[in-house]
Amino acid sequence: MLASIAARLRRCFARNEDARRAGVEASIAILEARKAASRLRDAIDILPEGIVFLDPDGRYILWNQQYANIYKRSADLFQPGAKLADTLRIGVERGDYPESAGREEEWMQERLNKLFNPDGRHEQTLTDGRTILIEERRTSDGGIIGLRVDITEMKQREASFRLLFDSNPIPMFVYGLEDLSILSVNDAAVKHYGYTREAMLAMSLLDIHHPDESVELSHLGGETSEEHAGRTWKHRKADGAAIDVATFISHLTYEGQRATMIAAVDITERKAAEARVAYMAHHDALTSLPNRILLRVRMEQMIADLRRDARGFAVFCVDLDNFKWVNDTLGHPFGDLLLQGVSARLRAELRGQDTVARLGGDEFAILQADVGKPEDVSPLLARLLAVINEPFDLEGHLVTVGASVGVALAPHDGDDPDRLLKNADMALYRAKAEGKGGFRFFESEMDARVQARRRLEMDLRGAIKDEAFEVHYQPLVSLANGEVRSLEALIRWPHPEHGMIPPSDFIPVAEETGLIAQIGLFVLRRACADAAQWPDGIKVAVNLSPMQFKSGNLLQAVLDALRDAGLAPSRLELEITETLLLDKIEMVIATLHALRALVVQISMDDFGTGYSSLSYLRSFPFDKIKIDRSFVNDIGANADSQAIVRAIVSLGTSLGIKITAEGVETESDLAYLKAEGCTEGQGFLFRKAQPQAAILALLEKPDNGKAAA
Ligand code: C2E
Ligand code: MG
Ligand code: MG
């Protein structure tokens with residue numbers, strides 16, 4: 001009995017012990033669970049997304065702070081054990097979900113369906129305009145875990161991007177960097193390129209590039225916007241037309257892939273206009289040849305090449321010989337035709353690496369590449385001169401011009417464009433001076449000559465200012481009795497350093513620089529004033545340069561000089577040369593007639609030297625012809641000269657023009673001239689030109705200096 005009691009007690013104690021132990025263990029477990037739940041809450045509270053745990057019936061178990069923030073209007077309804085469906089319904093009734101408006105029941109069903117059968121993500125709009133991305137998933141115990149992300153800002157960015165992209169007037173498209181396939185295009189691109197949107201979305205970027213332009217794939221890929229800036233490409237439209245586009249890019253992620261957005265501005269028109277302007281700025285309008293600017297660019301390029309390549313190049317300056325004549329006789333349209341014809345012929349003689357440019361007027365320049373020594377130039381030079389010498393058919397007018405050429409060699413004669421052109425031009429100048437149709441290579445002494453000329457010009461200006469010139473007079477005498485009939489005024493320039501400079505040295509410079517106008521006026525006035533002191537019957541002859549006719553006030557200048565000197569017009573003779581009549585300018589002839597109407601006499605000087613066209617004698621009624629001294633000097637020994645003098649004398653007799661022989665130096669000359677019927681002469685045999693004082697002394701003598709004859 002006792003044993004059974006003891007056993008029962010033992011069992012009882014043991015049971016109590018178990019129960020106590022179980023109670024303790026349960027308490028520990030609850031504590032642990034609470035700790036875990038609190039840790040879980042702490043963990044989910046620091047997540048940026050909203051998180052909610054629901055049981056299999058859709059009742060709230062747990063949610064984080066972010067979840068409550070997202071649904072702040074319903075947060076008061078969240079209670080553990082409350083059904084999400086109920087909070088949702090209250091929210092719908094309160095108008096928290098604008099998407100449900102008008103279809104509340106339907107919307108609720110859809111939403112709960114998504115909740116209990118989760119499938120991917122979906123978006124939800126709240127009354128305050130925010131957009132929430134929802135993702136829900138079933139948990140292993142049949143419950144639901146839900147994630148909420150506020151994507152409002154992203155949606156706004158996307159919306160403004162779409163707005164900018166879709167309605168942008170500039171064609172834009174997005175292409176993937178992987179395969180360059182076009183992922184999106186805006187309306188402007190569809191309209192501008194002419195493809196349908198579907199067609200464009202099926203194309204790759206390469207399909208839009210024009211096949212004429214080879215594009216390196218790498219250039220379409222990862223370059224930065226800065227590297228890309230200012231790039232232009234050739235694109236192709238649906239109709240095959242090529243367009244030039246300037247593109248601007250930015251990189252982005254488009255639907256999950258790395259992509260580039262391109263804005264393509266069509267600059268076809270602008271490029272064409274720019275090309276036209278650039279062409280016009282670098283080419284001569286008449287001949288389409290490169291102009292001086294482009295010539296310099298090419299020269300600079302060739303000079304740069306010199307540093308790499310030992311061989312040099314040649315610069316030709318080409319000037320047409322009779323261009324002015326064509327222009328004046330046939331008119332400017334024919335002059336233009338001639339220039340075009342010359343350009344074509346020059347161009348045809350050159351190789352690809354050579355250049356021919358028009359410098360202006362009838363001046364051309366040629367760059368011959370690959371010239372090592374002067375001889376390398378010869379074949380081309382000969383060909384150029386030959387083709388220019390061939391007659392040109394200008395709409396039925398056969399015209400022969402010729403050309404003179406100056407050549408400078410680079411680097412020998414200079415290694416900058418200015419110097420080379422200047423030196424070639426100097427050589428041209430020499431070639432011209434030596435007669436037409438020739439060529440000259442530049443030589444350094446030419447430079448010295450030009451320098452000397454420049455100094456002469458400066459001195460000449462000084463002399464004009466200081467009136468440093470003298471006028472000497474040389475008698476024209478009667479061959480019959482040696483009587484002085486008139487005296488020719490010849491200018492003299494006593495230079496402080498170079499002594500007496502002859503007019504042949506400075507008159508041409510004065511003519512080229514225009515200084516002759518002032519010099520001529522000075523001589524005219526001085527000669528009239530000096531002649532006024534001579535005996536009444538003796539005339540003064542003054543040389544006129546063609547330039548003096550061009551100024552237009554020659555007639556007035558003559559009238560003024562005569563009036564101021566008190567000299568009768570009949571005592572003035574004006575000497576002109578054939579060059580004046582070369583241009584057959586009406587104004588010149590009119591001026592001559594007006595002068596003659598004053599009873600001033602007009603002489604043709606140096607007859608026989610210039611172009612010696614008898615038609616000049618017809619164009620104006622000259623009072624006197626002066627046979628050039630080249631026919632007079634040594635006339636006794638030269639049968640041709642005798643024949644020429646005889647012809648001129650007989651011509652003068654029949655036309656009623658007086659004939660004077662210039663340059664009578666010997667008694668023999670005199671005898672022959674007399675024999676040929678010449679009546680007046682001028683020359684060292686009688687007297688050299690002398691200053692006014694000597695002339696006055698001479699004229700005072702009773703025999704008028706006759707003794708010399
Ligand atoms: P020109 O009008 O034919 O003048 C005659 C030239 O022949 C003068 O030379 C004179 O000195 C030279 N002469 C005269 N007799 C003889 C001779 O027997 N033998 C030789 N060998 N020569 C003789 P100059 O004074 O040197 O003048 C040369 C040229 O310069 C002139 O030729 C004329 O074309 C020009 N000239 C001179 N003075 C003036 C001027 O005031 N105005 C213009 N525009 N030209 C002038
Ligand atoms: Mg003369
Ligand atoms: Mg003369």
# chains A, B, ... in the order shown; residues from 1 in each chain; ligands from 1
>>> select_by_dssp(residues="stretch 444-675 of chain A", states="alpha helix (DSSP H)", output="number ranges by chain")
A: 444-466, 503-513, 516-531, 546-550, 554-565, 578-582, 586-597, 614-619, 629-632, 639-655, 667-675
>>> residues_near_ligand(ligand="ligand 3", cutoff="10 Å", atoms="only C-alpha atoms and all ligand atoms", output="list of chain:residue names")
A:Glu488, A:Asn543, A:Glu575, A:Ile576, A:Thr577, A:Met604, A:Asp605, A:Asp606, A:Phe607, A:Thr609, A:Ile625, A:Lys626, A:Ile627, A:Asp628, A:Arg629, A:Ser630, A:Thr660, A:Ala661, A:Glu662, A:Gly663, A:Gln682
>>> write_last_selection(atoms="N, CA and C atoms", output="PDB file, in the first residue's frame")
ATOM      1  N   GLU A 488      62.306 121.953-129.128  1.00  0.00           N
ATOM      2  CA  GLU A 488      61.583 120.914-128.383  1.00  0.00           C
ATOM      3  C   GLU A 488      61.988 120.967-126.920  1.00  0.00           C
ATOM      4  N   ASN A 543      56.385 117.514-125.400  1.00  0.00           N
ATOM      5  CA  ASN A 543      55.987 116.099-125.478  1.00  0.00           C
ATOM      6  C   ASN A 543      54.838 115.816-124.512  1.00  0.00           C
ATOM      7  N   GLU A 575      53.684 117.130-129.088  1.00  0.00           N
ATOM      8  CA  GLU A 575      54.158 115.885-129.709  1.00  0.00           C
ATOM      9  C   GLU A 575      53.518 114.690-129.013  1.00  0.00           C
ATOM     10  N   ILE A 576      52.879 113.887-129.834  1.00  0.00           N
ATOM     11  CA  ILE A 576      52.314 112.650-129.260  1.00  0.00           C
ATOM     12  C   ILE A 576      52.922 111.460-130.004  1.00  0.00           C
ATOM     13  N   THR A 577      52.801 110.292-129.406  1.00  0.00           N
ATOM     14  CA  THR A 577      53.321 109.089-130.083  1.00  0.00           C
ATOM     15  C   THR A 577      52.159 108.179-130.460  1.00  0.00           C
ATOM     16  N   MET A 604      53.245 114.017-134.792  1.00  0.00           N
ATOM     17  CA  MET A 604      53.387 112.589-134.492  1.00  0.00           C
ATOM     18  C   MET A 604      54.873 112.315-134.303  1.00  0.00           C
ATOM     19  N   ASP A 605      55.239 111.954-133.053  1.00  0.00           N
ATOM     20  CA  ASP A 605      56.648 111.792-132.683  1.00  0.00           C
ATOM     21  C   ASP A 605      57.099 110.351-132.949  1.00  0.00           C
ATOM     22  N   ASP A 606      58.379 110.152-133.106  1.00  0.00           N
ATOM     23  CA  ASP A 606      58.983 108.814-133.219  1.00  0.00           C
ATOM     24  C   ASP A 606      58.290 107.950-134.266  1.00  0.00           C
ATOM     25  N   PHE A 607      57.904 108.536-135.370  1.00  0.00           N
ATOM     26  CA  PHE A 607      57.130 107.788-136.360  1.00  0.00           C
ATOM     27  C   PHE A 607      57.946 106.625-136.914  1.00  0.00           C
ATOM     28  N   THR A 609      58.361 103.671-135.282  1.00  0.00           N
ATOM     29  CA  THR A 609      58.860 102.732-134.257  1.00  0.00           C
ATOM     30  C   THR A 609      57.759 101.862-133.674  1.00  0.00           C
ATOM     31  N   ILE A 625      55.042 115.128-138.927  1.00  0.00           N
ATOM     32  CA  ILE A 625      55.497 113.777-138.587  1.00  0.00           C
ATOM     33  C   ILE A 625      56.981 113.865-138.289  1.00  0.00           C
ATOM     34  N   LYS A 626      57.413 113.304-137.146  1.00  0.00           N
ATOM     35  CA  LYS A 626      58.839 113.286-136.833  1.00  0.00           C
ATOM     36  C   LYS A 626      59.343 111.859-137.050  1.00  0.00           C
ATOM     37  N   ILE A 627      60.193 111.709-138.087  1.00  0.00           N
ATOM     38  CA  ILE A 627      60.724 110.371-138.394  1.00  0.00           C
ATOM     39  C   ILE A 627      61.680 109.957-137.277  1.00  0.00           C
ATOM     40  N   ASP A 628      61.460 108.795-136.732  1.00  0.00           N
ATOM     41  CA  ASP A 628      62.282 108.339-135.608  1.00  0.00           C
ATOM     42  C   ASP A 628      63.750 108.278-135.988  1.00  0.00           C
ATOM     43  N   ARG A 629      64.597 108.558-135.017  1.00  0.00           N
ATOM     44  CA  ARG A 629      66.028 108.681-135.323  1.00  0.00           C
ATOM     45  C   ARG A 629      66.657 107.351-135.737  1.00  0.00           C
ATOM     46  N   SER A 630      65.982 106.248-135.470  1.00  0.00           N
ATOM     47  CA  SER A 630      66.551 104.960-135.892  1.00  0.00           C
ATOM     48  C   SER A 630      66.609 104.839-137.421  1.00  0.00           C
ATOM     49  N   THR A 660      59.733 116.019-140.254  1.00  0.00           N
ATOM     50  CA  THR A 660      60.971 116.381-139.564  1.00  0.00           C
ATOM     51  C   THR A 660      61.758 115.094-139.316  1.00  0.00           C
ATOM     52  N   ALA A 661      63.074 115.189-139.496  1.00  0.00           N
ATOM     53  CA  ALA A 661      63.925 114.030-139.207  1.00  0.00           C
ATOM     54  C   ALA A 661      64.574 114.234-137.848  1.00  0.00           C
ATOM     55  N   GLU A 662      64.435 113.245-136.966  1.00  0.00           N
ATOM     56  CA  GLU A 662      65.061 113.311-135.643  1.00  0.00           C
ATOM     57  C   GLU A 662      66.446 112.683-135.719  1.00  0.00           C
ATOM     58  N   GLY A 663      67.305 113.066-134.793  1.00  0.00           N
ATOM     59  CA  GLY A 663      68.589 112.364-134.656  1.00  0.00           C
ATOM     60  C   GLY A 663      69.572 112.590-135.803  1.00  0.00           C
ATOM     61  N   GLN A 682      66.370 117.710-136.677  1.00  0.00           N
ATOM     62  CA  GLN A 682      66.683 117.937-135.262  1.00  0.00           C
ATOM     63  C   GLN A 682      67.786 116.961-134.935  1.00  0.00           C
TER      64      GLN A 682
END
>>> residues_around(residues="A:Tyr473", least_positions_apart="4", cutoff="12 Å", atoms="only C-alpha atoms", output="number ranges by chain")
A: 484, 486-492, 523, 526-528, 530-531, 534, 539-543, 682-683, 687-696, 698-699
>>> residues_around(residues="stretch 375-387 of chain A", least_positions_apart="2", cutoff="9 Å", atoms="only C-alpha atoms", output="number ranges by chain")
A: 314, 316, 342, 345-346, 349-350, 368, 370-373, 389-391, 402-405, 407, 437-439
>>> residues_around(residues="A:Tyr67", least_positions_apart="3", cutoff="8 Å", atoms="only C-alpha atoms", output="ChimeraX atom specification")
/A:49-52,63-64,70-71,148
>>> write_last_selection(atoms="N, CA and C atoms", output="tab-separated table (two decimals), in the first residue's frame")
chain	number	residue	atom	x	y	z
A	49	GLU	N	11.27	50.50	-49.38
A	49	GLU	CA	9.98	50.12	-49.93
A	49	GLU	C	8.97	49.90	-48.81
A	50	GLY	N	7.69	50.02	-49.17
A	50	GLY	CA	6.64	49.65	-48.22
A	50	GLY	C	6.48	48.13	-48.24
A	51	ILE	N	6.34	47.51	-47.07
A	51	ILE	CA	6.20	46.04	-47.03
A	51	ILE	C	5.00	45.69	-46.13
A	52	VAL	N	4.22	44.69	-46.58
A	52	VAL	CA	3.09	44.25	-45.75
A	52	VAL	C	3.02	42.71	-45.79
A	63	TRP	N	3.32	45.24	-41.11
A	63	TRP	CA	3.62	46.20	-42.19
A	63	TRP	C	4.66	47.18	-41.67
A	64	ASN	N	5.39	47.76	-42.53
A	64	ASN	CA	6.44	48.67	-42.04
A	64	ASN	C	5.98	50.13	-42.13
A	70	ILE	N	3.02	55.41	-47.33
A	70	ILE	CA	2.48	55.41	-48.69
A	70	ILE	C	0.96	55.53	-48.65
A	71	TYR	N	0.34	54.77	-47.75
A	71	TYR	CA	-1.13	54.81	-47.66
A	71	TYR	C	-1.55	55.65	-46.47
A	148	ARG	N	5.59	47.79	-51.92
A	148	ARG	CA	5.06	49.02	-52.53
A	148	ARG	C	6.23	49.98	-52.77
>>> closest_residue(among="A:Leu115, A:Ala510, A:Leu476, A:Ala202", to="ligand 2", atoms="only C-alpha atoms and all ligand atoms")
A:Leu476
>>> closest_residue(among="A:Leu286, A:Cys678, A:Leu294, A:Met458", to="A:Pro333", atoms="only C-alpha atoms")
A:Leu286
>>> atom_distance(atom1="atom CA of A:Ile464", atom2="atom 38 (N, counted along the ligand's line) of ligand 1")
14.5 Å
>>> select_by_dssp(residues="stretch 170-379 of chain A", states="strand (DSSP E or B)", output="PyMOL selection string")
chain A and resi 172-176+181-185+204+209+232-236+242-254+257-266+283+290+312-320+355-360+363-371
>>> atom_distance(atom1="atom CA of A:Glu32", atom2="atom CA of A:Leu84")
28.1 Å
>>> closest_residue(among="A:Lys624, A:Arg571, A:Arg8, A:Arg270", to="ligand 2", atoms="only C-alpha atoms and all ligand atoms")
A:Lys624
>>> closest_residue(among="A:Asn633, A:Ser545, A:Thr591, A:Thr287", to="ligand 1", atoms="only C-alpha atoms and all ligand atoms")
A:Ser545
>>> residues_around(residues="A:Asp416", least_positions_apart="4", cutoff="10 Å", atoms="only C-alpha atoms", output="list in words")
Arg296, Met299, Glu300, Ile303, Ala304, Ala410, Pro411, Leu420 and Leu421 of chain A
>>> write_last_selection(atoms="N, CA and C atoms", output="compact mmCIF listing (two decimals), in the first residue's frame")
# COMPACT_ATOMS: atom_id res chain seq x y z
N ARG A 296 46.81 80.64 -102.69
CA ARG A 296 47.69 80.74 -101.51
C ARG A 296 47.56 79.51 -100.63
N MET A 299 49.44 76.83 -102.22
CA MET A 299 50.88 77.07 -102.09
C MET A 299 51.36 76.71 -100.70
N GLU A 300 50.58 77.11 -99.72
CA GLU A 300 50.98 76.81 -98.35
C GLU A 300 51.07 75.30 -98.15
N ILE A 303 54.16 74.11 -99.77
CA ILE A 303 55.32 74.50 -98.98
C ILE A 303 55.48 73.56 -97.79
N ALA A 304 54.34 73.21 -97.19
CA ALA A 304 54.37 72.27 -96.06
C ALA A 304 54.90 70.92 -96.54
N ALA A 410 60.36 77.13 -106.04
CA ALA A 410 60.39 76.93 -104.59
C ALA A 410 61.14 75.64 -104.31
N PRO A 411 61.97 75.60 -103.31
CA PRO A 411 62.20 76.65 -102.31
C PRO A 411 63.31 77.63 -102.70
N LEU A 420 57.23 84.10 -103.24
CA LEU A 420 57.27 83.36 -104.51
C LEU A 420 56.47 84.07 -105.59
N LEU A 421 55.28 84.53 -105.20
CA LEU A 421 54.44 85.22 -106.19
C LEU A 421 55.10 86.52 -106.63
>>> residues_around(residues="A:Phe334", least_positions_apart="4", cutoff="12 Å", atoms="only C-alpha atoms", output="ChimeraX atom specification")
/A:323-330,338-341,392-399
>>> closest_residue(among="A:Ser181, A:Thr653, A:Gln548, A:Ser668", to="ligand 1", atoms="only C-alpha atoms and all ligand atoms")
A:Gln548
